[in-house]
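One file, run_13.cif, is given below (mmCIF, C-alpha atoms).
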data_target
loop_
_atom_site.label_atom_id
_atom_site.label_comp_id
_atom_site.auth_asym_id
_atom_site.auth_seq_id
_atom_site.Cartn_x
_atom_site.Cartn_y
_atom_site.Cartn_z
CA MET A 1 -20.70 3.41 -1.30
CA SER A 2 -23.77 1.30 -2.11
CA VAL A 3 -27.16 2.28 -0.71
CA GLU A 4 -29.58 -0.63 -0.54
CA HIS A 5 -33.31 -0.06 -0.82
CA PRO A 6 -35.44 -3.25 -0.81
CA ALA A 7 -38.50 -1.34 -2.04
CA ALA A 8 -36.88 -1.11 -5.45
CA ARG A 9 -36.99 -4.90 -5.67
CA ARG A 10 -40.67 -5.05 -4.71
CA ARG A 11 -41.79 -2.52 -7.29
CA ALA A 12 -41.25 -3.77 -10.82
CA GLY A 13 -42.81 -3.10 -14.20
CA PRO A 14 -42.84 -0.36 -16.81
CA SER A 15 -45.53 1.63 -14.97
CA ALA A 16 -43.47 1.95 -11.78
CA GLU A 17 -43.63 5.75 -11.55
CA ASP A 18 -44.07 5.98 -7.80
CA ASP A 19 -41.75 8.10 -5.72
CA PRO A 20 -38.33 6.54 -5.15
CA PRO A 21 -37.93 5.08 -1.67
CA ILE A 22 -36.83 7.38 1.13
CA GLU A 23 -33.39 5.75 1.21
CA LEU A 24 -32.49 7.97 -1.76
CA ASP A 25 -31.95 10.76 0.74
CA ALA A 26 -29.02 8.71 2.06
CA ALA A 27 -27.79 8.10 -1.49
CA ALA A 28 -27.91 11.82 -2.26
CA ALA A 29 -26.04 12.60 0.95
CA ALA A 30 -23.34 10.04 0.11
CA TRP A 31 -22.94 11.53 -3.38
CA GLN A 32 -22.68 15.04 -2.00
CA ALA A 33 -20.13 14.03 0.63
CA ASP A 34 -17.93 11.56 -1.24
CA GLY A 35 -18.59 12.47 -4.87
CA TRP A 36 -20.19 9.18 -5.92
CA VAL A 37 -22.69 6.54 -4.90
CA LEU A 38 -24.08 3.29 -6.28
CA VAL A 39 -27.86 2.92 -5.92
CA PRO A 40 -28.75 -0.76 -6.50
CA GLU A 41 -31.76 -1.47 -8.75
CA LEU A 42 -33.10 2.07 -8.83
CA ILE A 43 -34.75 1.28 -12.18
CA PRO A 44 -37.24 -1.64 -12.03
CA THR A 45 -36.05 -4.91 -13.50
CA ALA A 46 -38.90 -5.13 -16.02
CA ASP A 47 -38.13 -1.70 -17.46
CA VAL A 48 -34.44 -2.48 -17.87
CA GLY A 49 -35.10 -5.92 -19.33
CA GLU A 50 -37.39 -4.56 -22.04
CA ALA A 51 -34.85 -1.88 -22.93
CA LEU A 52 -31.97 -4.33 -23.08
CA GLY A 53 -34.02 -6.52 -25.39
CA GLU A 54 -34.25 -3.66 -27.87
CA LEU A 55 -30.51 -3.05 -27.62
CA ALA A 56 -29.83 -6.68 -28.51
CA ASP A 57 -31.28 -5.99 -31.97
CA HIS A 58 -28.59 -3.39 -32.68
CA ASP A 59 -25.01 -3.94 -33.76
CA LEU A 60 -23.57 -0.70 -32.49
CA PRO A 61 -20.75 0.44 -34.79
CA ALA A 62 -17.69 2.45 -33.92
CA SER A 63 -18.99 5.95 -33.27
CA PRO A 64 -17.55 9.46 -33.59
CA ALA A 65 -19.29 10.25 -30.29
CA THR A 66 -15.98 10.46 -28.44
CA SER A 67 -15.21 14.11 -27.78
CA PRO A 68 -12.05 15.75 -29.17
CA SER A 69 -10.92 16.45 -25.61
CA ARG A 70 -11.11 12.73 -24.88
CA ARG A 71 -9.42 11.72 -28.12
CA ARG A 72 -6.28 13.68 -27.29
CA PHE A 73 -5.62 11.26 -24.44
CA GLU A 74 -5.78 8.18 -26.68
CA THR A 75 -2.51 6.34 -26.96
CA ASP A 76 -3.11 3.63 -29.54
CA ASP A 77 -0.90 5.07 -32.29
CA GLY A 78 1.91 2.65 -31.37
CA PRO A 79 2.19 -0.86 -29.96
CA ASP A 80 -0.03 -1.44 -26.92
CA ALA A 81 2.19 -1.95 -23.89
CA GLY A 82 -0.81 -2.96 -21.75
CA GLY A 83 -1.93 -1.48 -18.47
CA PRO A 84 -4.19 1.54 -17.88
CA ALA A 85 -4.45 3.72 -21.01
CA PHE A 86 -7.01 5.40 -23.23
CA ARG A 87 -7.45 3.40 -26.44
CA ARG A 88 -9.64 4.54 -29.32
CA ASP A 89 -11.70 1.36 -29.52
CA GLN A 90 -12.68 1.69 -25.85
CA PHE A 91 -15.34 4.06 -27.10
CA SER A 92 -16.66 1.98 -29.97
CA GLY A 93 -20.09 0.64 -29.21
CA THR A 94 -21.21 4.15 -28.27
CA SER A 95 -24.56 5.28 -29.67
CA LEU A 96 -26.05 8.72 -29.11
CA PHE A 97 -29.64 9.22 -27.92
CA PRO A 98 -32.09 8.38 -29.37
CA VAL A 99 -31.15 4.84 -30.37
CA PRO A 100 -32.96 4.08 -33.66
CA GLY A 101 -35.92 1.74 -33.31
CA ALA A 102 -35.59 1.41 -29.53
CA PRO A 103 -38.45 3.38 -27.93
CA ARG A 104 -38.35 1.60 -24.54
CA LEU A 105 -34.61 2.07 -24.30
CA ASN A 106 -34.92 5.76 -25.15
CA ARG A 107 -37.55 6.30 -22.46
CA LEU A 108 -35.09 5.17 -19.79
CA PHE A 109 -33.30 8.51 -20.21
CA VAL A 110 -36.32 10.20 -18.60
CA HIS A 111 -37.39 7.36 -16.31
CA PRO A 112 -39.31 8.92 -13.38
CA ARG A 113 -37.14 7.26 -10.74
CA LEU A 114 -33.93 8.43 -12.39
CA VAL A 115 -35.24 11.97 -12.75
CA ARG A 116 -36.43 12.12 -9.14
CA PHE A 117 -33.08 10.84 -7.97
CA ALA A 118 -31.34 13.58 -9.99
CA GLU A 119 -33.65 16.19 -8.45
CA ARG A 120 -32.87 14.88 -4.98
CA VAL A 121 -29.12 14.96 -5.58
CA LEU A 122 -29.02 18.37 -7.27
CA GLN A 123 -31.55 19.82 -4.80
CA THR A 124 -33.72 21.37 -7.50
CA GLU A 125 -36.49 20.29 -9.85
CA ASP A 126 -35.29 22.69 -12.55
CA ILE A 127 -32.75 20.37 -14.17
CA ARG A 128 -31.54 19.57 -17.70
CA ILE A 129 -30.09 16.50 -19.39
CA TYR A 130 -26.79 17.49 -21.02
CA GLN A 131 -25.35 14.08 -21.95
CA SER A 132 -27.29 11.11 -23.34
CA ARG A 133 -25.86 7.97 -24.96
CA ILE A 134 -25.48 4.20 -24.73
CA TRP A 135 -22.06 2.66 -24.12
CA SER A 136 -21.62 -1.02 -24.86
CA LYS A 137 -18.44 -2.99 -24.19
CA TYR A 138 -17.58 -6.49 -25.41
CA ALA A 139 -14.99 -8.94 -24.12
CA GLY A 140 -12.01 -9.23 -26.44
CA ARG A 141 -12.78 -6.14 -28.53
CA VAL A 142 -10.15 -3.99 -26.81
CA ASP A 143 -8.43 -3.63 -23.46
CA TYR A 144 -10.83 -1.33 -21.57
CA GLU A 145 -8.43 -0.68 -18.68
CA GLN A 146 -8.13 3.09 -18.19
CA PRO A 147 -5.99 5.33 -15.97
CA LEU A 148 -7.63 7.23 -13.14
CA HIS A 149 -8.99 10.49 -14.51
CA ARG A 150 -11.56 13.19 -13.90
CA ASP A 151 -14.17 14.32 -16.43
CA LEU A 152 -12.91 17.86 -16.86
CA ASN A 153 -14.29 17.93 -20.41
CA HIS A 154 -17.84 18.50 -19.16
CA SER A 155 -17.31 22.14 -18.19
CA LEU A 156 -15.67 25.18 -19.75
CA VAL A 157 -14.66 26.42 -16.31
CA PRO A 158 -13.44 24.72 -13.13
CA THR A 159 -16.27 22.98 -11.32
CA ARG A 160 -17.68 24.05 -7.95
CA SER A 161 -18.72 21.10 -5.81
CA GLU A 162 -21.36 23.03 -3.90
CA PRO A 163 -25.17 23.17 -3.94
CA GLY A 164 -26.42 25.01 -7.00
CA TRP A 165 -23.27 24.35 -9.01
CA TRP A 166 -23.13 20.55 -9.02
CA HIS A 167 -23.66 18.42 -12.08
CA LEU A 168 -24.46 14.72 -11.98
CA GLU A 169 -23.09 11.94 -14.19
CA CYS A 170 -24.90 8.60 -14.20
CA PHE A 171 -24.32 5.10 -15.52
CA VAL A 172 -27.56 3.11 -15.57
CA TYR A 173 -26.58 -0.57 -15.65
CA LEU A 174 -28.65 -2.35 -18.33
CA ASN A 175 -27.26 -5.74 -17.35
CA ASP A 176 -25.52 -7.09 -14.26
CA VAL A 177 -22.07 -5.49 -13.93
CA ALA A 178 -19.46 -7.53 -12.06
CA ILE A 179 -15.77 -7.16 -11.30
CA ASP A 180 -14.89 -9.25 -14.36
CA THR A 181 -17.38 -7.51 -16.66
CA GLY A 182 -16.04 -3.99 -16.43
CA ALA A 183 -17.23 -2.59 -13.10
CA PRO A 184 -15.93 1.00 -12.88
CA ARG A 185 -13.54 1.98 -10.10
CA LEU A 186 -13.79 5.28 -8.23
CA VAL A 187 -11.90 7.04 -5.44
CA PRO A 188 -14.08 8.40 -2.60
CA ARG A 189 -13.34 12.08 -2.01
CA SER A 190 -12.92 11.35 1.72
CA LYS A 191 -9.97 9.05 0.93
CA ILE A 192 -7.96 11.71 -0.89
CA ILE A 193 -5.29 13.22 1.35
CA GLU A 194 -3.60 15.30 -1.33
CA GLU A 195 -4.75 15.99 -4.89
CA PRO A 196 -2.28 15.26 -7.70
CA VAL A 197 -0.61 18.41 -9.01
CA SER A 198 -1.57 17.52 -12.57
CA THR A 199 -5.21 17.42 -13.65
CA ARG A 200 -4.39 14.98 -16.45
CA PRO A 201 -5.10 11.23 -16.21
CA GLN A 202 -2.83 9.60 -13.64
CA PRO A 203 -0.87 6.39 -14.34
CA PRO A 204 -0.39 4.03 -11.37
CA GLU A 205 3.26 4.91 -10.87
CA ALA A 206 2.38 8.60 -10.46
CA ALA A 207 -0.58 8.19 -8.10
CA GLU A 208 -0.06 5.16 -5.89
CA GLU A 209 -2.24 6.52 -3.08
CA LEU A 210 -5.15 7.15 -5.46
CA TYR A 211 -5.04 3.63 -6.86
CA ALA A 212 -4.78 2.16 -3.36
CA ALA A 213 -7.97 4.01 -2.37
CA GLU A 214 -10.10 3.14 -5.41
CA VAL A 215 -13.30 1.13 -4.91
CA ALA A 216 -15.06 -1.08 -7.47
CA ALA A 217 -18.75 -0.45 -8.20
CA PRO A 218 -20.40 -3.70 -9.35
CA GLY A 219 -24.17 -3.94 -9.29
CA PRO A 220 -27.23 -5.72 -10.68
CA ALA A 221 -29.19 -4.54 -13.71
CA GLY A 222 -31.15 -1.37 -13.01
CA SER A 223 -28.52 0.00 -10.62
CA VAL A 224 -27.36 3.59 -11.04
CA LEU A 225 -23.76 4.65 -10.52
CA ALA A 226 -23.81 8.40 -9.89
CA TYR A 227 -20.66 10.49 -9.66
CA ARG A 228 -19.31 14.01 -9.95
CA SER A 229 -16.76 15.25 -12.46
CA ASP A 230 -14.25 16.00 -9.69
CA VAL A 231 -14.10 12.29 -8.78
CA TRP A 232 -11.11 10.24 -9.88
CA HIS A 233 -12.45 7.17 -11.65
CA ARG A 234 -11.63 4.73 -14.44
CA GLY A 235 -12.98 1.98 -16.63
CA THR A 236 -11.75 -1.59 -16.24
CA ASP A 237 -11.30 -4.43 -18.68
CA ILE A 238 -13.82 -7.20 -19.34
CA THR A 239 -12.03 -10.43 -18.49
CA ARG A 240 -14.95 -12.86 -18.58
CA PRO A 241 -14.94 -14.59 -22.01
CA GLY A 242 -17.93 -13.66 -24.15
CA ALA A 243 -19.27 -11.11 -21.67
CA GLU A 244 -20.92 -7.79 -22.52
CA ARG A 245 -21.52 -4.63 -20.50
CA HIS A 246 -24.18 -2.13 -21.48
CA VAL A 247 -24.84 1.16 -19.68
CA LEU A 248 -27.05 4.13 -20.26
CA VAL A 249 -24.89 7.25 -19.89
CA VAL A 250 -26.94 10.27 -18.82
CA ALA A 251 -25.84 13.46 -17.09
CA PHE A 252 -27.90 16.19 -15.42
CA LYS A 253 -27.24 19.78 -14.40
CA PRO A 254 -29.27 22.60 -12.87
CA ALA A 255 -30.86 24.83 -15.51
CA GLY A 256 -28.88 27.90 -16.46
CA LEU A 257 -25.36 26.46 -16.18
CA ASP A 258 -24.50 27.15 -19.81
CA TRP A 259 -20.81 26.36 -19.34
CA ILE A 260 -21.61 22.68 -18.66
CA GLY A 261 -22.41 20.45 -21.63
CA TYR A 262 -21.55 17.44 -23.75
CA ASP A 263 -24.15 16.09 -26.20
CA PRO A 264 -26.13 18.76 -28.12
CA HIS A 265 -29.87 18.13 -28.33
CA PRO A 266 -31.36 20.85 -30.60
CA PRO A 267 -30.22 19.00 -33.78
CA LEU A 268 -32.53 16.16 -32.75
CA SER A 269 -35.55 18.24 -33.79
CA ILE A 270 -35.47 16.61 -37.25
CA ASN A 271 -34.54 13.12 -36.03
CA ALA A 272 -37.38 10.65 -36.69
CA ASP A 273 -36.73 8.65 -33.52
CA PHE A 274 -36.68 11.82 -31.42
CA ILE A 275 -39.94 12.95 -33.01
CA GLU A 276 -41.43 9.60 -31.97
CA PHE A 277 -39.96 10.06 -28.47
CA VAL A 278 -41.55 13.51 -28.18
CA ALA A 279 -44.97 12.13 -29.14
CA GLY A 280 -44.93 9.94 -26.02
CA SER A 281 -43.52 12.57 -23.68
CA THR A 282 -44.92 14.82 -20.97
CA PRO A 283 -44.04 18.48 -20.48
CA ARG A 284 -41.75 17.36 -17.62
CA ASP A 285 -39.91 14.94 -19.90
CA LEU A 286 -39.34 17.57 -22.56
CA ALA A 287 -38.28 20.24 -20.07
CA LEU A 288 -35.27 18.03 -19.32
CA PHE A 289 -34.08 18.77 -22.86
CA GLY A 290 -34.86 22.49 -22.62
CA VAL A 291 -38.34 22.63 -24.17
CA PRO A 292 -40.21 25.51 -22.48
CA PRO A 293 -42.90 24.24 -20.11
CA PRO A 294 -46.57 25.29 -20.17
CA ASN A 295 -47.15 28.87 -19.00
CA HIS A 296 -43.75 29.94 -20.39
CA SER A 297 -43.88 33.27 -22.22
CA TYR A 298 -42.50 31.63 -25.36
CA TRP A 299 -45.78 29.92 -26.10
CA THR A 300 -48.44 31.56 -28.26
CA ALA A 301 -51.21 30.13 -30.40
CA ALA A 302 -48.86 30.40 -33.38
CA THR A 303 -45.89 28.65 -31.76
CA LEU A 304 -48.14 25.84 -30.54
CA GLU A 305 -49.51 25.40 -34.06
CA ALA A 306 -45.93 25.13 -35.34
CA MET A 307 -45.11 22.69 -32.52
CA ALA A 308 -48.01 20.48 -33.57
CA ALA A 309 -46.69 20.40 -37.13
CA GLN A 310 -43.12 19.64 -36.02
CA TYR A 311 -44.05 16.91 -33.54
CA PRO A 312 -47.19 15.07 -34.69
CA GLY A 313 -48.79 13.08 -31.88
CA LEU A 314 -47.59 15.30 -29.02
CA ASP A 315 -50.43 16.14 -26.63
CA LEU A 316 -50.30 19.92 -26.54
CA ASP A 317 -53.29 20.37 -24.22
CA PRO A 318 -51.08 21.22 -21.19
CA TRP A 319 -49.43 24.00 -23.19
CA ARG A 320 -52.75 25.27 -24.61
CA ALA A 321 -54.18 25.41 -21.09
CA GLY A 322 -51.35 27.73 -20.14
CA LEU A 323 -52.09 30.32 -22.82
CA PRO A 324 -53.57 33.62 -21.64
CA CYS A 325 -57.32 33.86 -22.22
#
Take the structure in the file and give it back as structure tokens.
Amino acid sequence: MSVEHPAARRRAGPSAEDDPPIELDAAAAAWQADGWVLVPELIPTADVGEALGELADHDLPASPATSPSRRRFETDDGPDAGGPAFRRDQFSGTSLFPVPGAPRLNRLFVHPRLVRFAERVLQTEDIRIYQSRIWSKYAGRVDYEQPLHRDLNHSLVPTRSEPGWWHLECFVYLNDVAIDTGAPRLVPRSKIIEEPVSTRPQPPEAAEELYAAEVAAPGPAGSVLAYRSDVWHRGTDITRPGAERHVLVVAFKPAGLDWIGYDPHPPLSINADFIEFVAGSTPRDLALFGVPPPNHSYWTAATLEAMAAQYPGLDLDPWRAGLPC
């Protein structure tokens, strides 16, 4: 399921905002056909390295970021019998966007190459970010082995895997991810002969064919694992002593699909790190979070004055240029 593109290796550095290489068309086609794809080194090495350096300064605590719908599958109330299971501490080390004091890390959520890939996959430029967080795993903290499951907790209604209705989940690898450092496993849609009757997570004894068809997705830093919520997938344990695995978790959807969501962003309007993020953002960046673009009917001289007060440092000239004369 990997799609190689050597141009990604040639173009490095934090200013690498050129168009992604044409091979992304093949990556998008693989995602649309099989439900997931691994794009090696989509994000330039320099950008990922700087971001990971900021993350190293943080000791991410256990977080309440796990959703209630996920928590009901956790099975750590009794002795751990081992094997694939959801365990509460699998989700410790999760930090919601924006990560405090990590401006380079936070900018990866709107990295131009990632956004252009999402546009290519979803076949529209009018997209929104609906999930944004960091997920760090550490060898020996907990058994990260999970059962195969689908992310049905991203939508209030059953998903439609068709153009216009897709939504895209991404793991951006911040360090090299290997088989023994927690590489996720996924089942290509083309390998599924018959769906399980139950939509709940599937243990190995109940879904032997699914487990036999799963594929590991290791990749170097900067790679993007992209998948759909109808794909059976699971996390795996970190078996290499002392190893860490850090991923940027970001999900996109076409604008207007109000029934799809995960991490709310409006409360960030009073978050100091988000205010700093906004100051360095373009209208395109902010539109990903739902901020109306220039020329939108929401904007008036008064609302722009209030915007300037709320987000000091934001260049409002593009919005002012869109006001009626």
Task: Among the residues A:Asp126, A:Asp315, A:Asp230, A:Glu194, the one that comes closest to Phe252 of chain A [using all atoms listed in the file] - done: A:Asp126
- [ ] Find the residues around Ile129 of chain A up to 9 Å (all atoms listed in the file counted), leave out those fewer than 5 positions away in its own chain, and share them as JSON, numbers by chain.
- [x] {"A": [109, 110, 250, 251, 252, 253, 254, 261, 288, 289, 290]}
I need the chosen residues saved as a compact mmCIF listing (two decimals), in the coordinates of the input, with C-alpha atoms.
# COMPACT_ATOMS: atom_id res chain seq x y z
CA PHE A 109 -33.30 8.51 -20.21
CA VAL A 110 -36.32 10.20 -18.60
CA VAL A 250 -26.94 10.27 -18.82
CA ALA A 251 -25.84 13.46 -17.09
CA PHE A 252 -27.90 16.19 -15.42
CA LYS A 253 -27.24 19.78 -14.40
CA PRO A 254 -29.27 22.60 -12.87
CA GLY A 261 -22.41 20.45 -21.63
CA LEU A 288 -35.27 18.03 -19.32
CA PHE A 289 -34.08 18.77 -22.86
CA GLY A 290 -34.86 22.49 -22.62
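In this model, the gap between atom CA of Arg116 of chain A and atom CA of Leu174 of chain A comes to 18.8 Å.
Minimum atom-to-atom distances from A:Met307, A:Leu42, A:Leu148, A:Ala206 to Val172 of chain A were compared using all atoms listed in the file, and the lowest value belongs to A:Leu42.
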TODO: Find, counting only C-alpha atoms, the residue in A:Leu168, A:Ala28, A:Ala85, A:Val121 that gets nearest to Pro204 of chain A.
DONE: A:Ala85
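Compared by their closest atoms to Glu305 of chain A, and using only C-alpha atoms, the residues A:Tyr144, A:Tyr130, A:Pro84, A:Asp317 rank with A:Asp317 nearest.
Between atom CA of Leu304 of chain A and atom CA of Ser132 of chain A the separation is 26.5 Å.
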- [ ] Kindly indicate which residue among A:Leu24, A:Arg240, A:Glu214, A:Pro201 lies nearest to Val177 of chain A, using all atoms listed in the file for the distances.
- [x] A:Arg240
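Atom pair atom CA of Arg234 of chain A / atom CA of Arg150 of chain A has a distance of 8.5 Å (rounded to one decimal).
Shortest separation to Phe171 of chain A among A:Arg128, A:Arg320, A:Arg141, A:Arg228 occurs at residue A:Arg228, atoms counted being only C-alpha atoms.
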Take the PyMOL selection byres ((chain A and resi 241-243) around 8), run it mentally on this structure, and tell me the resulting residues as a compact mmCIF listing (two decimals) with C-alpha atoms, in the coordinates of the input.
# COMPACT_ATOMS: atom_id res chain seq x y z
CA TYR A 138 -17.58 -6.49 -25.41
CA ALA A 139 -14.99 -8.94 -24.12
CA GLY A 140 -12.01 -9.23 -26.44
CA THR A 181 -17.38 -7.51 -16.66
CA ILE A 238 -13.82 -7.20 -19.34
CA THR A 239 -12.03 -10.43 -18.49
CA ARG A 240 -14.95 -12.86 -18.58
CA GLU A 244 -20.92 -7.79 -22.52
CA ARG A 245 -21.52 -4.63 -20.50
